[in-house]
Amino acid sequence: MKTLFLSVLTIFINVSLSAQAEEGWYISGESEMIFSFADIEAPNELNSETILRWSPVFNFASHLNKDLTDNVGFNIGLAIRNVGFISDFDVEDPTGEFNPDNINKMKFRTYNAGIPVGIKLGKLSQEKPFFLFAGYEIEFPLHYKQKEFDGGEKVHKRTAWFSDRVNPVQQAVWGGIQFPQGFALKFKYYLDNFFNDDFDNFKSDEIITDYELFNANVFYFSLEWFPFQNVDYYTNKME
């Protein structure tokens, strides 16, 4: 059912993009390099800290844009993103002393299909754009991966399509700035817990016994290149 829904949604949006582009709308392509963290809530004994996760691939989006004036516009699109975070767990020795051999690391990520909707405010010129942008996105996790490390050694990996371990619907808000030089900076925050609060059958060999004890709201900064500028404009300019 999830696969059918996403397939129909993809076809619908692609047809809409092609049809509307001929009526004063235009299509833009987005690729972003993501630097992510997470706002974590875990039991005190886990001593959890998030560290930087870099995901340059695969993060793509197509936007259907409409500029109402030279300074105001909006967009809607379809995206695929590599979203996740890395967490370190400093587990203490039973004697109460710190044992470096028990430092554990876990990496979590999902590939999400998303539908972003946003606005643009500022100088929307195709030649030298300089504007602010913001919006909302709803995402649907497609593929889940989890890795566990003990003292730097990977001890376990789990992968699954449409996993029940993560929240099946994830909402996010984002905002950023497009610079005339061609690059854009964006900040994005996920409003929903990365994990599924109703999933209670998760067992990690070393650290976590229940997802209900572990909450994580992912947030990230990203670097983009002309995410809302007309693809045809730059294609023609290069010819």
# chains A, B, ... in the order shown; residues from 1 in each chain; ligands from 1
>>> select_by_dssp(residues="range 55-183 of chain A", states="strand (DSSP E)", output="PyMOL selection string")
chain A and resi 55+60-67+72-92+98-123+130-150+153-161+170-178+183
>>> atom_distance(atom1="CA of Met106 in chain A", atom2="CA of His156 in chain A")
9.6 Å
>>> residues_around(residues="Val72 in chain A", least_positions_apart="4", cutoff="9 Å", atoms="only C-alpha atoms", output="ChimeraX atom specification")
/A:66-68,119-124
>>> write_last_selection(atoms="all heavy atoms", output="CSV table (one decimal), in the first residue's frame")
chain,number,residue,atom,x,y,z
A,66,LYS,N,6.4,29.4,-8.6
A,66,LYS,CA,5.6,30.5,-9.2
A,66,LYS,C,6.0,31.8,-8.5
A,66,LYS,O,5.9,31.9,-7.3
A,66,LYS,CB,4.1,30.2,-9.0
A,66,LYS,CG,3.2,31.3,-9.5
A,66,LYS,CD,3.2,31.4,-11.0
A,66,LYS,CE,2.2,32.4,-11.4
A,66,LYS,NZ,2.1,32.6,-12.9
A,67,ASP,N,6.5,32.7,-9.3
A,67,ASP,CA,6.8,34.0,-8.7
A,67,ASP,C,5.7,35.0,-9.0
A,67,ASP,O,5.4,35.3,-10.1
A,67,ASP,CB,8.1,34.6,-9.4
A,67,ASP,CG,9.3,33.7,-9.1
A,67,ASP,OD1,9.3,32.9,-8.1
A,67,ASP,OD2,10.3,33.8,-9.8
A,68,LEU,N,5.0,35.4,-7.9
A,68,LEU,CA,3.9,36.2,-8.0
A,68,LEU,C,4.3,37.7,-8.4
A,68,LEU,O,3.6,38.4,-9.1
A,68,LEU,CB,3.1,36.2,-6.7
A,68,LEU,CG,2.6,34.9,-6.2
A,68,LEU,CD1,1.9,35.0,-4.8
A,68,LEU,CD2,1.7,34.2,-7.2
A,119,ILE,N,7.8,29.3,0.6
A,119,ILE,CA,7.6,30.6,0.1
A,119,ILE,C,9.0,31.2,-0.1
A,119,ILE,O,10.0,30.8,0.6
A,119,ILE,CB,6.8,31.5,1.0
A,119,ILE,CG1,7.4,31.6,2.4
A,119,ILE,CG2,5.4,31.0,1.1
A,119,ILE,CD1,6.7,32.7,3.3
A,120,LYS,N,9.1,32.3,-0.9
A,120,LYS,CA,10.4,33.0,-1.1
A,120,LYS,C,10.1,34.5,-1.0
A,120,LYS,O,9.1,35.0,-1.6
A,120,LYS,CB,10.9,32.7,-2.5
A,120,LYS,CG,11.2,31.2,-2.8
A,120,LYS,CD,11.6,30.9,-4.2
A,120,LYS,CE,10.4,31.0,-5.1
A,120,LYS,NZ,10.7,30.7,-6.5
A,121,LEU,N,10.9,35.2,-0.3
A,121,LEU,CA,10.8,36.6,-0.1
A,121,LEU,C,12.1,37.3,-0.4
A,121,LEU,O,13.1,37.0,0.3
A,121,LEU,CB,10.3,37.0,1.3
A,121,LEU,CG,9.0,36.3,1.7
A,121,LEU,CD1,8.7,36.6,3.2
A,121,LEU,CD2,7.8,36.9,0.9
A,122,GLY,N,12.2,38.3,-1.3
A,122,GLY,CA,13.4,39.0,-1.6
A,122,GLY,C,13.5,39.3,-3.1
A,122,GLY,O,12.6,39.4,-3.8
A,123,LYS,N,14.8,39.3,-3.5
A,123,LYS,CA,15.1,39.6,-4.9
A,123,LYS,C,15.1,38.3,-5.7
A,123,LYS,O,16.1,37.5,-5.5
A,123,LYS,CB,16.4,40.3,-5.1
A,123,LYS,CG,16.8,40.7,-6.5
A,123,LYS,CD,18.1,41.4,-6.6
A,123,LYS,CE,18.5,41.7,-8.0
A,123,LYS,NZ,19.8,42.4,-8.1
A,124,LEU,N,14.1,38.0,-6.4
A,124,LEU,CA,13.9,36.7,-7.1
A,124,LEU,C,14.5,36.6,-8.5
A,124,LEU,O,14.3,35.7,-9.3
A,124,LEU,CB,12.5,36.3,-7.1
A,124,LEU,CG,11.7,36.2,-5.8
A,124,LEU,CD1,10.3,35.8,-6.0
A,124,LEU,CD2,12.4,35.4,-4.8
>>> closest_residue(among="A:Asn217, A:Ser87, A:Asn71, A:Ser48", to="Tyr190 in chain A", atoms="only C-alpha atoms")
A:Asn217
>>> closest_residue(among="A:Gln171, A:Ser28, A:Ser125, A:Asn196", to="Thr69 in chain A", atoms="only C-alpha atoms")
A:Ser125
>>> closest_residue(among="A:Trp174, A:Phe187, A:Phe74, A:Phe108", to="Ile138 in chain A", atoms="only C-alpha atoms")
A:Trp174
>>> residues_around(residues="Ser31 in chain A", least_positions_apart="4", cutoff="9 Å", atoms="only C-alpha atoms", output="list in words")
Pro56, Val57, Phe58, Asn59, Phe60, Ala61, Leu223, Glu224, Trp225, Phe226 and Pro227 of chain A
>>> write_last_selection(atoms="N, CA, C and O atoms", output="short mmCIF file (atom, residue, chain, number, x, y, z; two decimals), in the first residue's frame")
data_model
loop_
_atom_site.label_atom_id
_atom_site.label_comp_id
_atom_site.auth_asym_id
_atom_site.auth_seq_id
_atom_site.Cartn_x
_atom_site.Cartn_y
_atom_site.Cartn_z
N PRO A 56 26.44 13.74 1.86
CA PRO A 56 26.39 14.45 0.59
C PRO A 56 25.52 13.77 -0.45
O PRO A 56 25.15 14.39 -1.45
N VAL A 57 25.18 12.49 -0.26
CA VAL A 57 24.35 11.73 -1.22
C VAL A 57 23.34 10.91 -0.45
O VAL A 57 23.59 10.52 0.69
N PHE A 58 22.23 10.62 -1.02
CA PHE A 58 21.63 11.20 -2.22
C PHE A 58 20.51 12.11 -1.74
O PHE A 58 19.57 11.62 -1.11
N ASN A 59 20.60 13.37 -2.04
CA ASN A 59 19.64 14.37 -1.58
C ASN A 59 19.22 15.23 -2.77
O ASN A 59 19.92 16.18 -3.13
N PHE A 60 18.08 14.90 -3.35
CA PHE A 60 17.62 15.60 -4.54
C PHE A 60 16.17 16.04 -4.38
O PHE A 60 15.39 15.42 -3.65
N ALA A 61 15.82 17.11 -5.08
CA ALA A 61 14.43 17.58 -5.10
C ALA A 61 14.16 18.31 -6.40
O ALA A 61 15.06 18.92 -6.99
N LEU A 223 24.12 22.83 2.52
CA LEU A 223 24.64 23.72 1.49
C LEU A 223 24.01 23.30 0.17
O LEU A 223 24.07 22.13 -0.21
N GLU A 224 23.41 24.27 -0.54
CA GLU A 224 22.72 23.99 -1.79
C GLU A 224 23.22 24.94 -2.89
O GLU A 224 23.87 25.94 -2.61
N TRP A 225 22.85 24.60 -4.13
CA TRP A 225 23.23 25.44 -5.28
C TRP A 225 22.00 25.80 -6.09
O TRP A 225 21.41 24.94 -6.74
N PHE A 226 21.59 27.08 -6.06
CA PHE A 226 20.41 27.56 -6.80
C PHE A 226 19.21 26.62 -6.68
O PHE A 226 18.70 26.11 -7.68
N PRO A 227 18.72 26.36 -5.46
CA PRO A 227 17.63 25.38 -5.31
C PRO A 227 16.29 25.80 -5.91
O PRO A 227 15.46 24.94 -6.20
#
>>> closest_residue(among="A:Asn167, A:Thr159, A:Asn82, A:Gln178", to="Phe228 in chain A", atoms="only C-alpha atoms")
A:Gln178
>>> closest_residue(among="A:Ile86, A:Val173, A:Ala216, A:Leu191", to="Tyr136 in chain A", atoms="only C-alpha atoms")
A:Val173
